[in-house]
$ cat input_25.cif   # mmCIF, C-alpha atoms
data_final
loop_
_atom_site.group_PDB
_atom_site.id
_atom_site.type_symbol
_atom_site.label_atom_id
_atom_site.label_comp_id
_atom_site.auth_asym_id
_atom_site.auth_seq_id
_atom_site.Cartn_x
_atom_site.Cartn_y
_atom_site.Cartn_z
ATOM 1 C CA MET A 1 -3.465 18.693 -9.845
ATOM 2 C CA THR A 2 -6.293 19.115 -7.388
ATOM 3 C CA LYS A 3 -5.923 21.272 -4.290
ATOM 4 C CA ASP A 4 -4.200 19.496 -1.396
ATOM 5 C CA VAL A 5 -6.774 19.570 1.391
ATOM 6 C CA ARG A 6 -7.073 17.713 4.672
ATOM 7 C CA LEU A 7 -10.211 15.601 4.384
ATOM 8 C CA PRO A 8 -12.374 15.473 7.499
ATOM 9 C CA MET A 9 -13.207 12.189 9.207
ATOM 10 C CA SER A 10 -16.594 10.951 8.111
ATOM 11 C CA ASP A 11 -19.040 8.118 8.611
ATOM 12 C CA THR A 12 -18.630 4.703 7.057
ATOM 13 C CA VAL A 13 -21.281 3.853 4.488
ATOM 14 C CA PRO A 14 -22.686 0.359 5.273
ATOM 15 C CA PRO A 15 -21.299 -2.461 3.112
ATOM 16 C CA ARG A 16 -23.178 -3.576 0.019
ATOM 17 C CA ALA A 17 -24.818 -6.976 0.324
ATOM 18 C CA ASP A 18 -21.974 -8.657 -1.605
ATOM 19 C CA ASP A 19 -19.183 -6.671 0.037
ATOM 20 C CA PRO A 20 -16.803 -8.731 2.242
ATOM 21 C CA GLY A 21 -15.127 -5.564 3.486
ATOM 22 C CA PHE A 22 -15.943 -2.641 5.730
ATOM 23 C CA GLY A 23 -18.266 -0.569 3.571
ATOM 24 C CA GLU A 24 -17.089 2.751 2.175
ATOM 25 C CA ILE A 25 -15.334 5.462 4.141
ATOM 26 C CA ARG A 26 -16.528 8.783 2.738
ATOM 27 C CA ALA A 27 -15.031 12.261 2.803
ATOM 28 C CA GLN A 28 -16.869 14.858 0.708
ATOM 29 C CA THR A 29 -17.134 13.431 -2.840
ATOM 30 C CA MET A 30 -14.310 10.952 -2.223
ATOM 31 C CA GLY A 31 -14.516 7.460 -0.796
ATOM 32 C CA VAL A 32 -12.382 4.418 -0.172
ATOM 33 C CA ARG A 33 -13.608 0.808 -0.220
ATOM 34 C CA LEU A 34 -12.801 -2.644 -1.511
ATOM 35 C CA ALA A 35 -13.500 -3.674 -5.095
ATOM 36 C CA VAL A 36 -16.397 -6.108 -5.385
ATOM 37 C CA ALA A 37 -17.697 -6.163 -8.974
ATOM 38 C CA PRO A 38 -15.476 -7.415 -11.838
ATOM 39 C CA TRP A 39 -15.546 -3.992 -13.498
ATOM 40 C CA GLU A 40 -14.036 -2.452 -10.363
ATOM 41 C CA LEU A 41 -10.997 -4.749 -10.477
ATOM 42 C CA ASP A 42 -10.734 -4.072 -14.214
ATOM 43 C CA ALA A 43 -10.739 -0.324 -13.518
ATOM 44 C CA ALA A 44 -7.962 -0.764 -10.945
ATOM 45 C CA GLN A 45 -5.876 -2.751 -13.421
ATOM 46 C CA ALA A 46 -6.453 -0.081 -16.089
ATOM 47 C CA LEU A 47 -5.332 2.648 -13.669
ATOM 48 C CA ARG A 48 -2.236 0.629 -12.781
ATOM 49 C CA TYR A 49 -1.367 0.319 -16.472
ATOM 50 C CA ARG A 50 -1.713 4.055 -17.088
ATOM 51 C CA VAL A 51 0.496 4.923 -14.107
ATOM 52 C CA PHE A 52 3.118 2.173 -14.283
ATOM 53 C CA TYR A 53 3.475 1.785 -18.048
ATOM 54 C CA ASP A 54 2.304 4.993 -19.726
ATOM 55 C CA GLU A 55 3.647 7.364 -17.083
ATOM 56 C CA MET A 56 6.541 5.618 -15.322
ATOM 57 C CA GLY A 57 7.988 3.751 -18.288
ATOM 58 C CA ALA A 58 7.476 0.148 -17.163
ATOM 59 C CA HIS A 59 7.793 -2.513 -19.863
ATOM 60 C CA PRO A 60 4.544 -4.405 -20.525
ATOM 61 C CA THR A 61 4.278 -7.935 -21.806
ATOM 62 C CA PRO A 62 2.574 -8.248 -25.213
ATOM 63 C CA ALA A 63 -0.622 -9.414 -23.473
ATOM 64 C CA MET A 64 -0.602 -6.399 -21.164
ATOM 65 C CA ALA A 65 0.042 -4.009 -24.043
ATOM 66 C CA ALA A 66 -2.860 -5.514 -25.987
ATOM 67 C CA THR A 67 -5.337 -5.158 -23.125
ATOM 68 C CA ARG A 68 -3.791 -2.061 -21.495
ATOM 69 C CA ARG A 69 -4.202 -3.742 -18.126
ATOM 70 C CA ASP A 70 -1.597 -4.452 -15.442
ATOM 71 C CA ALA A 71 -2.631 -7.882 -14.186
ATOM 72 C CA ASP A 72 -0.980 -10.971 -12.736
ATOM 73 C CA SER A 73 -1.818 -14.242 -11.002
ATOM 74 C CA PHE A 74 -1.979 -12.614 -7.549
ATOM 75 C CA ASP A 75 -4.884 -10.306 -8.440
ATOM 76 C CA GLY A 76 -7.524 -13.025 -8.142
ATOM 77 C CA ALA A 77 -6.489 -13.935 -4.597
ATOM 78 C CA ALA A 78 -6.082 -10.378 -3.313
ATOM 79 C CA ASP A 79 -8.457 -7.700 -2.124
ATOM 80 C CA HIS A 80 -8.214 -4.409 -3.983
ATOM 81 C CA LEU A 81 -8.637 -1.120 -2.158
ATOM 82 C CA LEU A 82 -10.123 1.613 -4.341
ATOM 83 C CA VAL A 83 -10.235 5.383 -3.993
ATOM 84 C CA ILE A 84 -13.409 6.618 -5.669
ATOM 85 C CA ASP A 85 -14.309 10.135 -6.785
ATOM 86 C CA HIS A 86 -18.107 10.137 -6.917
ATOM 87 C CA ALA A 87 -18.071 13.517 -8.651
ATOM 88 C CA ARG A 88 -16.912 11.656 -11.766
ATOM 89 C CA GLY A 89 -20.049 9.520 -11.946
ATOM 90 C CA GLU A 90 -20.554 5.842 -11.185
ATOM 91 C CA GLY A 91 -18.415 3.912 -13.679
ATOM 92 C CA PRO A 92 -14.753 2.933 -14.161
ATOM 93 C CA GLU A 93 -13.712 6.575 -14.514
ATOM 94 C CA THR A 94 -14.425 7.065 -10.800
ATOM 95 C CA VAL A 95 -11.503 4.834 -9.716
ATOM 96 C CA VAL A 96 -8.582 7.209 -9.049
ATOM 97 C CA GLY A 97 -6.444 5.193 -6.641
ATOM 98 C CA THR A 98 -5.801 1.572 -5.744
ATOM 99 C CA TYR A 99 -3.788 -0.696 -3.429
ATOM 100 C CA ARG A 100 -3.533 -4.489 -3.563
ATOM 101 C CA LEU A 101 -3.953 -6.323 -0.238
ATOM 102 C CA LEU A 102 -2.969 -10.002 0.030
ATOM 103 C CA ARG A 103 -3.342 -11.989 3.261
ATOM 104 C CA ARG A 104 -1.552 -15.196 4.216
ATOM 105 C CA GLY A 105 -4.496 -17.565 3.622
ATOM 106 C CA PRO A 106 -5.374 -16.419 0.084
ATOM 107 C CA ALA A 107 -1.658 -16.199 -0.782
ATOM 108 C CA THR A 108 -1.165 -19.895 -0.098
ATOM 109 C CA ARG A 109 -3.778 -20.681 -2.741
ATOM 110 C CA VAL A 110 -1.734 -18.943 -5.463
ATOM 111 C CA GLY A 111 1.671 -20.228 -4.414
ATOM 112 C CA GLY A 112 2.766 -17.496 -2.012
ATOM 113 C CA PHE A 113 3.394 -13.758 -2.024
ATOM 114 C CA TYR A 114 4.588 -11.502 -4.827
ATOM 115 C CA SER A 115 7.515 -10.297 -2.679
ATOM 116 C CA SER A 116 9.026 -13.787 -2.529
ATOM 117 C CA ALA A 117 10.212 -13.376 -6.138
ATOM 118 C CA GLU A 118 12.579 -10.664 -4.876
ATOM 119 C CA TYR A 119 13.153 -11.430 -1.168
ATOM 120 C CA ASP A 120 13.566 -14.277 1.257
ATOM 121 C CA ILE A 121 10.555 -13.484 3.436
ATOM 122 C CA ALA A 122 10.876 -16.513 5.729
ATOM 123 C CA PRO A 123 11.233 -14.284 8.827
ATOM 124 C CA LEU A 124 7.888 -12.661 7.989
ATOM 125 C CA LEU A 125 6.141 -15.946 7.247
ATOM 126 C CA GLY A 126 7.349 -17.239 10.613
ATOM 127 C CA PHE A 127 5.843 -14.277 12.438
ATOM 128 C CA ASP A 128 3.283 -15.350 15.028
ATOM 129 C CA GLY A 129 0.273 -13.397 13.806
ATOM 130 C CA GLU A 130 -1.640 -12.436 10.689
ATOM 131 C CA VAL A 131 0.457 -10.878 7.923
ATOM 132 C CA LEU A 132 -0.568 -8.729 4.970
ATOM 133 C CA GLU A 133 1.323 -7.958 1.777
ATOM 134 C CA LEU A 134 0.759 -4.489 0.319
ATOM 135 C CA GLY A 135 1.477 -3.859 -3.340
ATOM 136 C CA ARG A 136 0.551 -2.320 -6.687
ATOM 137 C CA SER A 137 -0.124 1.063 -5.097
ATOM 138 C CA CYS A 138 -0.885 3.926 -7.466
ATOM 139 C CA VAL A 139 -2.937 7.115 -7.710
ATOM 140 C CA ASP A 140 -4.069 9.055 -10.774
ATOM 141 C CA ALA A 141 -1.785 12.044 -11.360
ATOM 142 C CA GLU A 142 -4.634 14.512 -10.796
ATOM 143 C CA TYR A 143 -5.305 13.100 -7.317
ATOM 144 C CA ARG A 144 -1.809 12.879 -5.792
ATOM 145 C CA THR A 145 -2.635 14.944 -2.753
ATOM 146 C CA ARG A 146 -2.317 14.502 0.964
ATOM 147 C CA GLY A 147 -6.070 13.985 1.175
ATOM 148 C CA THR A 148 -6.007 11.017 -1.212
ATOM 149 C CA LEU A 149 -3.122 9.404 0.659
ATOM 150 C CA GLN A 150 -4.989 9.903 3.925
ATOM 151 C CA LEU A 151 -7.993 8.113 2.453
ATOM 152 C CA LEU A 152 -5.815 5.199 1.356
ATOM 153 C CA TRP A 153 -4.309 4.894 4.832
ATOM 154 C CA ARG A 154 -7.770 5.047 6.419
ATOM 155 C CA GLY A 155 -8.856 2.218 4.136
ATOM 156 C CA ILE A 156 -5.778 0.177 5.038
ATOM 157 C CA ALA A 157 -6.392 0.847 8.741
ATOM 158 C CA ALA A 158 -9.996 -0.334 8.433
ATOM 159 C CA TYR A 159 -8.849 -3.491 6.627
ATOM 160 C CA VAL A 160 -6.162 -4.148 9.234
ATOM 161 C CA PHE A 161 -8.732 -3.613 11.986
ATOM 162 C CA LYS A 162 -11.264 -5.981 10.399
ATOM 163 C CA HIS A 163 -8.824 -8.804 9.680
ATOM 164 C CA ARG A 164 -6.685 -8.310 12.805
ATOM 165 C CA ILE A 165 -3.494 -7.887 10.825
ATOM 166 C CA ASP A 166 -0.345 -7.800 12.975
ATOM 167 C CA LEU A 167 2.348 -7.212 10.362
ATOM 168 C CA MET A 168 2.392 -5.612 6.913
ATOM 169 C CA PHE A 169 5.120 -5.856 4.286
ATOM 170 C CA GLY A 170 5.713 -5.279 0.617
ATOM 171 C CA CYS A 171 8.094 -4.069 -2.056
ATOM 172 C CA ALA A 172 8.285 -0.274 -2.233
ATOM 173 C CA SER A 173 9.954 1.374 -5.202
ATOM 174 C CA LEU A 174 12.512 4.078 -5.826
ATOM 175 C CA PRO A 175 12.474 5.442 -9.394
ATOM 176 C CA GLY A 176 15.191 4.224 -11.726
ATOM 177 C CA THR A 177 17.488 1.216 -11.941
ATOM 178 C CA ASP A 178 20.912 2.757 -11.222
ATOM 179 C CA PRO A 179 21.979 1.962 -7.636
ATOM 180 C CA GLU A 180 24.747 4.569 -7.775
ATOM 181 C CA ALA A 181 22.224 7.297 -8.543
ATOM 182 C CA LEU A 182 20.171 6.066 -5.575
ATOM 183 C CA ALA A 183 23.143 5.640 -3.242
ATOM 184 C CA ALA A 184 21.979 8.318 -0.771
ATOM 185 C CA PRO A 185 18.424 7.044 -0.141
ATOM 186 C CA LEU A 186 19.512 3.396 -0.126
ATOM 187 C CA THR A 187 22.284 4.110 2.375
ATOM 188 C CA TYR A 188 20.021 6.240 4.550
ATOM 189 C CA LEU A 189 17.378 3.511 4.713
ATOM 190 C CA TRP A 190 19.931 0.797 5.542
ATOM 191 C CA GLN A 191 21.752 2.844 8.170
ATOM 192 C CA ASN A 192 18.655 4.226 9.918
ATOM 193 C CA HIS A 193 15.731 1.862 9.318
ATOM 194 C CA LEU A 194 17.117 -1.664 8.923
ATOM 195 C CA ALA A 195 14.681 -4.236 10.303
ATOM 196 C CA PRO A 196 15.691 -6.212 13.404
ATOM 197 C CA PRO A 197 17.054 -9.679 12.545
ATOM 198 C CA ALA A 198 13.853 -11.479 13.571
ATOM 199 C CA LEU A 199 11.846 -9.464 11.010
ATOM 200 C CA ARG A 200 14.487 -8.859 8.355
ATOM 201 C CA PRO A 201 13.783 -10.079 4.814
ATOM 202 C CA ARG A 202 16.854 -10.331 2.597
ATOM 203 C CA ALA A 203 17.063 -9.875 -1.146
ATOM 204 C CA LEU A 204 17.508 -13.173 -2.959
ATOM 205 C CA PRO A 205 21.160 -14.023 -3.718
ATOM 206 C CA GLY A 206 20.813 -13.579 -7.450
ATOM 207 C CA ARG A 207 19.114 -10.202 -7.077
ATOM 208 C CA TYR A 208 20.843 -8.695 -4.047
ATOM 209 C CA VAL A 209 22.049 -5.083 -4.440
ATOM 210 C CA GLU A 210 24.091 -3.564 -1.606
ATOM 211 C CA MET A 211 22.251 -0.686 0.103
ATOM 212 C CA ASN A 212 25.011 0.589 2.408
ATOM 213 C CA ARG A 213 26.910 2.448 -0.318
ATOM 214 C CA LEU A 214 28.139 5.658 1.366
ATOM 215 C CA PRO A 215 29.716 6.667 4.684
ATOM 216 C CA ALA A 216 27.262 8.088 7.204
ATOM 217 C CA GLU A 217 28.864 11.545 7.092
ATOM 218 C CA ALA A 218 28.125 11.781 3.368
ATOM 219 C CA ILE A 219 24.368 11.574 3.950
ATOM 220 C CA ASP A 220 22.115 14.594 4.533
ATOM 221 C CA PRO A 221 19.099 12.944 6.228
ATOM 222 C CA ARG A 222 16.827 15.953 5.739
ATOM 223 C CA ALA A 223 17.574 16.131 2.025
ATOM 224 C CA VAL A 224 17.099 12.382 1.599
ATOM 225 C CA LEU A 225 13.766 12.392 3.428
ATOM 226 C CA ALA A 226 12.552 15.265 1.253
ATOM 227 C CA GLU A 227 13.268 13.230 -1.877
ATOM 228 C CA LEU A 228 11.909 9.844 -0.771
ATOM 229 C CA PRO A 229 8.671 8.725 -2.460
ATOM 230 C CA PRO A 230 5.613 9.649 -0.317
ATOM 231 C CA LEU A 231 4.702 5.984 0.156
ATOM 232 C CA ILE A 232 8.067 5.103 1.688
ATOM 233 C CA LYS A 233 7.958 8.206 3.888
ATOM 234 C CA GLY A 234 4.518 7.132 5.074
ATOM 235 C CA TYR A 235 5.837 3.718 6.075
ATOM 236 C CA LEU A 236 8.749 5.288 7.947
ATOM 237 C CA ARG A 237 6.410 7.607 9.867
ATOM 238 C CA LEU A 238 4.631 4.486 11.086
ATOM 239 C CA GLY A 239 7.878 3.036 12.412
ATOM 240 C CA GLY A 240 8.525 0.919 9.337
ATOM 241 C CA PHE A 241 11.741 -0.963 8.643
ATOM 242 C CA VAL A 242 13.487 -2.094 5.472
ATOM 243 C CA GLY A 243 14.991 -5.453 4.644
ATOM 244 C CA ASP A 244 18.597 -6.090 3.726
ATOM 245 C CA GLY A 245 19.393 -5.501 0.083
ATOM 246 C CA ALA A 246 17.673 -3.694 -2.770
ATOM 247 C CA VAL A 247 16.395 -5.359 -5.954
ATOM 248 C CA ILE A 248 16.441 -3.974 -9.485
ATOM 249 C CA ASP A 249 13.079 -4.423 -11.207
ATOM 250 C CA GLU A 250 13.780 -3.977 -14.904
ATOM 251 C CA GLN A 251 10.144 -4.466 -15.918
ATOM 252 C CA PHE A 252 8.919 -1.610 -13.749
ATOM 253 C CA ASN A 253 12.020 0.565 -14.181
ATOM 254 C CA THR A 254 12.486 0.788 -10.395
ATOM 255 C CA THR A 255 14.763 -0.196 -7.546
ATOM 256 C CA ASP A 256 12.813 -1.964 -4.814
ATOM 257 C CA VAL A 257 13.248 -2.181 -1.069
ATOM 258 C CA CYS A 258 11.238 -4.492 1.164
ATOM 259 C CA VAL A 259 9.329 -2.553 3.821
ATOM 260 C CA VAL A 260 8.044 -4.113 7.053
ATOM 261 C CA VAL A 261 5.512 -2.382 9.345
ATOM 262 C CA LYS A 262 3.992 -3.604 12.580
ATOM 263 C CA THR A 263 0.395 -2.416 12.557
ATOM 264 C CA ASP A 264 0.090 -0.871 16.030
ATOM 265 C CA LEU A 265 0.456 2.712 14.809
ATOM 266 C CA VAL A 266 -1.588 2.134 11.645
ATOM 267 C CA THR A 267 -4.665 1.161 13.620
ATOM 268 C CA ASP A 268 -4.225 3.561 16.536
ATOM 269 C CA LYS A 269 -6.101 6.477 14.946
ATOM 270 C CA TYR A 270 -8.737 4.141 13.542
ATOM 271 C CA TYR A 271 -9.369 2.572 16.953
ATOM 272 C CA ARG A 272 -9.776 6.010 18.517
ATOM 273 C CA HIS A 273 -12.183 7.059 15.777
ATOM 274 C CA TYR A 274 -14.183 3.823 16.089
ATOM 275 C CA GLU A 275 -14.345 4.093 19.869
ATOM 276 C CA ARG A 276 -15.490 7.720 19.629
ATOM 277 C CA ARG A 277 -18.278 6.779 17.177
ATOM 278 C CA LEU A 278 -19.337 3.913 19.430
ATOM 279 C CA ARG A 279 -19.423 6.156 22.502
ATOM 280 C CA ASP A 280 -21.372 8.888 20.680
ATOM 281 C CA ALA A 281 -23.915 6.375 19.375
ATOM 282 C CA LEU A 282 -24.433 4.911 22.845
ATOM 283 C CA ASP A 283 -24.926 8.380 24.305
ATOM 284 C CA ALA A 284 -27.438 9.322 21.619
ATOM 285 C CA GLU A 285 -29.447 6.103 21.467
ATOM 286 C CA GLY A 286 -28.761 4.294 24.715
ATOM 287 C CA ARG A 287 -27.841 1.097 22.881
ATOM 288 C CA ALA A 288 -24.949 -0.388 20.939
ATOM 289 C CA PRO A 289 -24.957 0.335 17.180
ATOM 290 C CA ALA A 290 -24.464 -2.240 14.459
ATOM 291 C CA GLU A 291 -20.866 -3.185 13.705
ATOM 292 C CA PRO A 292 -19.434 -0.671 11.228
ATOM 293 C CA VAL A 293 -16.606 -2.879 9.967
#
$ encode --input "input_25.cif" --output "structure tokens"
Amino acid sequence: MTKDVRLPMSDTVPPRADDPGFGEIRAQTMGVRLAVAPWELDAAQALRYRVFYDEMGAHPTPAMAATRRDADSFDGAADHLLVIDHARGEGPETVVGTYRLLRRGPATRVGGFYSSAEYDIAPLLGFDGEVLELGRSCVDAEYRTRGTLQLLWRGIAAYVFKHRIDLMFGCASLPGTDPEALAAPLTYLWQNHLAPPALRPRALPGRYVEMNRLPAEAIDPRAVLAELPPLIKGYLRLGGFVGDGAVIDEQFNTTDVCVVVKTDLVTDKYYRHYERRLRDALDAEGRAPAEPV
């Protein structure tokens, strides 16, 4: 595993001519940007297969096993955030992290959101503002460092900033499919981070698994937090909530919870960074710079 280093803030590389996103945010040899070319999406799907199926024991369909790609009908409507290591070259091998981003408008064109197969997300769809589903997050084993996660969050913040996202949600996974073995984290999440009723998705009746499985005094919050997956801990640090009920995902060999995050804290650091760059550019040149996002 690579050394866990704190990557410094850096300039945004201007978007390519065909890039609908925000360009590339660079830090040393690493960068984060949206996929544009078909080979970039293919590389993300290949990475997802290696992590979910080869490493985590998910069960591929015959078509997935034949192509060694994790792909579904939502991929074509979504944007795909990529973490790139330019030290690896310029091809598919440079893609070392990915996150799928699906907004309300594109989701309607493919029949809705992925999460609706597990949760009643009507409270989220009724939210007065732009919503974003996050999913299919994974990072190559060699790059699972704080620096890589920081790059992913900076990319998400830039995307949220550009598209004026007000609310994010998605299914986050705990390893394994035995609710009893996961009783402590499920109970902790339900007792301490349950979403308010107006923003509370609920697991579908046929898939609902009770989360509140232990008395409060049986939970060691510090121990539970230490064992939670980094992605879920990241959501909680941003004031995230969970929906009511877990869902067993047999295909992916996981137990899912639905996470809901209002974007105020996600964009706060990005706004400050953007405003600082704008102020510095005005001081240096006496004029407003081109839009960076």
$ resolve_selection --input "input_25.cif" --expression "the PyMOL selection byres ((chain A and resi 71-82) around 6)" --output "list in words"
Val32, Arg33, Leu34, Ala35, Arg69, Asp70, Val83, Gly97, Thr98, Tyr99, Arg100, Leu101, Leu102 and Pro106 of chain A
$ axis_aligned_box --input "input_25.cif" --around "region 249-266 of chain A" --padding-each-side "4 Å" --output "AutoDock Vina command-line options"
--center_x 6.6 --center_y -0.9 --center_z 0.1 --size_x 24.4 --size_y 15.2 --size_z 39.9
$ resolve_selection --input "input_25.cif" --expression "the PyMOL selection byres ((chain A and resi 238) around 8)" --output "list of chain:residue names"
A:Gly234, A:Tyr235, A:Leu236, A:Arg237, A:Gly239, A:Gly240, A:Val261, A:Leu265, A:Val266
$ resolve_selection --input "input_25.cif" --expression "the PyMOL selection byres ((chain A and resi 182-188) around 10)" --output "PyMOL selection string"
chain A and resi 174-181+189-194+209-216+218-221+223-225+227-228+242+245-246+255-257
$ atom_distance --input "input_25.cif" --atom1 "CA of Met56 (chain A)" --atom2 "CA of Gly147 (chain A)"
22.4 Å
$ decode --input "input_25.cif" --residues "region 107-180 of chain A" --atoms "C-alpha atoms" --output "PDB file, in the first residue's frame"
ATOM      1  CA  ALA A 107     -32.156   9.154 -13.602  1.00  0.00           C
ATOM      2  CA  THR A 108     -35.655   9.739 -14.941  1.00  0.00           C
ATOM      3  CA  ARG A 109     -34.456   8.687 -18.388  1.00  0.00           C
ATOM      4  CA  VAL A 110     -33.439   5.229 -17.121  1.00  0.00           C
ATOM      5  CA  GLY A 111     -36.437   4.624 -14.887  1.00  0.00           C
ATOM      6  CA  GLY A 112     -35.192   6.065 -11.600  1.00  0.00           C
ATOM      7  CA  PHE A 113     -32.358   5.542  -9.138  1.00  0.00           C
ATOM      8  CA  TYR A 114     -30.464   2.380  -8.245  1.00  0.00           C
ATOM      9  CA  SER A 115     -31.363   2.825  -4.553  1.00  0.00           C
ATOM     10  CA  SER A 116     -35.082   2.448  -5.266  1.00  0.00           C
ATOM     11  CA  ALA A 117     -34.565  -1.311  -5.714  1.00  0.00           C
ATOM     12  CA  GLU A 118     -33.731  -1.472  -1.996  1.00  0.00           C
ATOM     13  CA  TYR A 119     -35.442   1.567  -0.415  1.00  0.00           C
ATOM     14  CA  ASP A 120     -38.554   3.673  -0.615  1.00  0.00           C
ATOM     15  CA  ILE A 121     -36.847   6.963  -1.456  1.00  0.00           C
ATOM     16  CA  ALA A 122     -40.038   9.006  -1.878  1.00  0.00           C
ATOM     17  CA  PRO A 123     -38.994  11.436   0.897  1.00  0.00           C
ATOM     18  CA  LEU A 124     -35.785  12.178  -1.021  1.00  0.00           C
ATOM     19  CA  LEU A 125     -37.522  12.538  -4.376  1.00  0.00           C
ATOM     20  CA  GLY A 126     -39.920  15.008  -2.762  1.00  0.00           C
ATOM     21  CA  PHE A 127     -37.064  17.152  -1.490  1.00  0.00           C
ATOM     22  CA  ASP A 128     -37.237  20.699  -2.832  1.00  0.00           C
ATOM     23  CA  GLY A 129     -33.838  20.927  -4.492  1.00  0.00           C
ATOM     24  CA  GLU A 130     -31.419  19.027  -6.692  1.00  0.00           C
ATOM     25  CA  VAL A 131     -30.570  15.514  -5.502  1.00  0.00           C
ATOM     26  CA  LEU A 132     -27.630  13.272  -6.347  1.00  0.00           C
ATOM     27  CA  GLU A 133     -27.250   9.526  -5.911  1.00  0.00           C
ATOM     28  CA  LEU A 134     -23.744   8.307  -5.075  1.00  0.00           C
ATOM     29  CA  GLY A 135     -22.800   4.710  -5.768  1.00  0.00           C
ATOM     30  CA  ARG A 136     -20.339   2.110  -7.037  1.00  0.00           C
ATOM     31  CA  SER A 137     -17.493   3.631  -5.033  1.00  0.00           C
ATOM     32  CA  CYS A 138     -14.206   1.738  -5.053  1.00  0.00           C
ATOM     33  CA  VAL A 139     -10.450   2.303  -4.935  1.00  0.00           C
ATOM     34  CA  ASP A 140      -7.609   0.026  -6.019  1.00  0.00           C
ATOM     35  CA  ALA A 141      -6.109  -1.738  -2.997  1.00  0.00           C
ATOM     36  CA  GLU A 142      -2.733  -0.044  -3.503  1.00  0.00           C
ATOM     37  CA  TYR A 143      -4.319   3.417  -3.274  1.00  0.00           C
ATOM     38  CA  ARG A 144      -6.569   3.127  -0.200  1.00  0.00           C
ATOM     39  CA  THR A 145      -5.061   6.071   1.600  1.00  0.00           C
ATOM     40  CA  ARG A 146      -6.375   9.220   3.173  1.00  0.00           C
ATOM     41  CA  GLY A 147      -4.985  11.202   0.252  1.00  0.00           C
ATOM     42  CA  THR A 148      -7.009   9.243  -2.313  1.00  0.00           C
ATOM     43  CA  LEU A 149     -10.198   9.626  -0.285  1.00  0.00           C
ATOM     44  CA  GLN A 150      -9.536  13.351   0.011  1.00  0.00           C
ATOM     45  CA  LEU A 151      -9.235  13.573  -3.765  1.00  0.00           C
ATOM     46  CA  LEU A 152     -12.540  11.751  -4.212  1.00  0.00           C
ATOM     47  CA  TRP A 153     -14.279  14.121  -1.802  1.00  0.00           C
ATOM     48  CA  ARG A 154     -12.761  17.138  -3.567  1.00  0.00           C
ATOM     49  CA  GLY A 155     -14.117  15.803  -6.849  1.00  0.00           C
ATOM     50  CA  ILE A 156     -17.558  15.267  -5.322  1.00  0.00           C
ATOM     51  CA  ALA A 157     -17.470  18.777  -3.836  1.00  0.00           C
ATOM     52  CA  ALA A 158     -16.602  20.271  -7.226  1.00  0.00           C
ATOM     53  CA  TYR A 159     -19.448  18.325  -8.856  1.00  0.00           C
ATOM     54  CA  VAL A 160     -21.889  19.393  -6.146  1.00  0.00           C
ATOM     55  CA  PHE A 161     -20.739  22.994  -6.561  1.00  0.00           C
ATOM     56  CA  LYS A 162     -21.135  22.926 -10.352  1.00  0.00           C
ATOM     57  CA  HIS A 163     -24.572  21.309 -10.399  1.00  0.00           C
ATOM     58  CA  ARG A 164     -25.882  23.025  -7.248  1.00  0.00           C
ATOM     59  CA  ILE A 165     -26.699  19.755  -5.538  1.00  0.00           C
ATOM     60  CA  ASP A 166     -28.647  20.161  -2.285  1.00  0.00           C
ATOM     61  CA  LEU A 167     -28.944  16.559  -1.118  1.00  0.00           C
ATOM     62  CA  MET A 168     -26.892  13.408  -1.689  1.00  0.00           C
ATOM     63  CA  PHE A 169     -27.903   9.827  -0.950  1.00  0.00           C
ATOM     64  CA  GLY A 170     -26.939   6.283  -1.766  1.00  0.00           C
ATOM     65  CA  CYS A 171     -26.544   2.739  -0.517  1.00  0.00           C
ATOM     66  CA  ALA A 172     -23.410   2.273   1.588  1.00  0.00           C
ATOM     67  CA  SER A 173     -22.229  -1.222   2.429  1.00  0.00           C
ATOM     68  CA  LEU A 174     -21.098  -3.133   5.481  1.00  0.00           C
ATOM     69  CA  PRO A 175     -19.180  -6.335   4.671  1.00  0.00           C
ATOM     70  CA  GLY A 176     -21.066  -9.596   5.004  1.00  0.00           C
ATOM     71  CA  THR A 177     -24.695 -10.691   4.967  1.00  0.00           C
ATOM     72  CA  ASP A 178     -25.256 -11.759   8.595  1.00  0.00           C
ATOM     73  CA  PRO A 179     -27.213  -9.058  10.469  1.00  0.00           C
ATOM     74  CA  GLU A 180     -26.370 -10.635  13.827  1.00  0.00           C
TER      75      GLU A 180
END
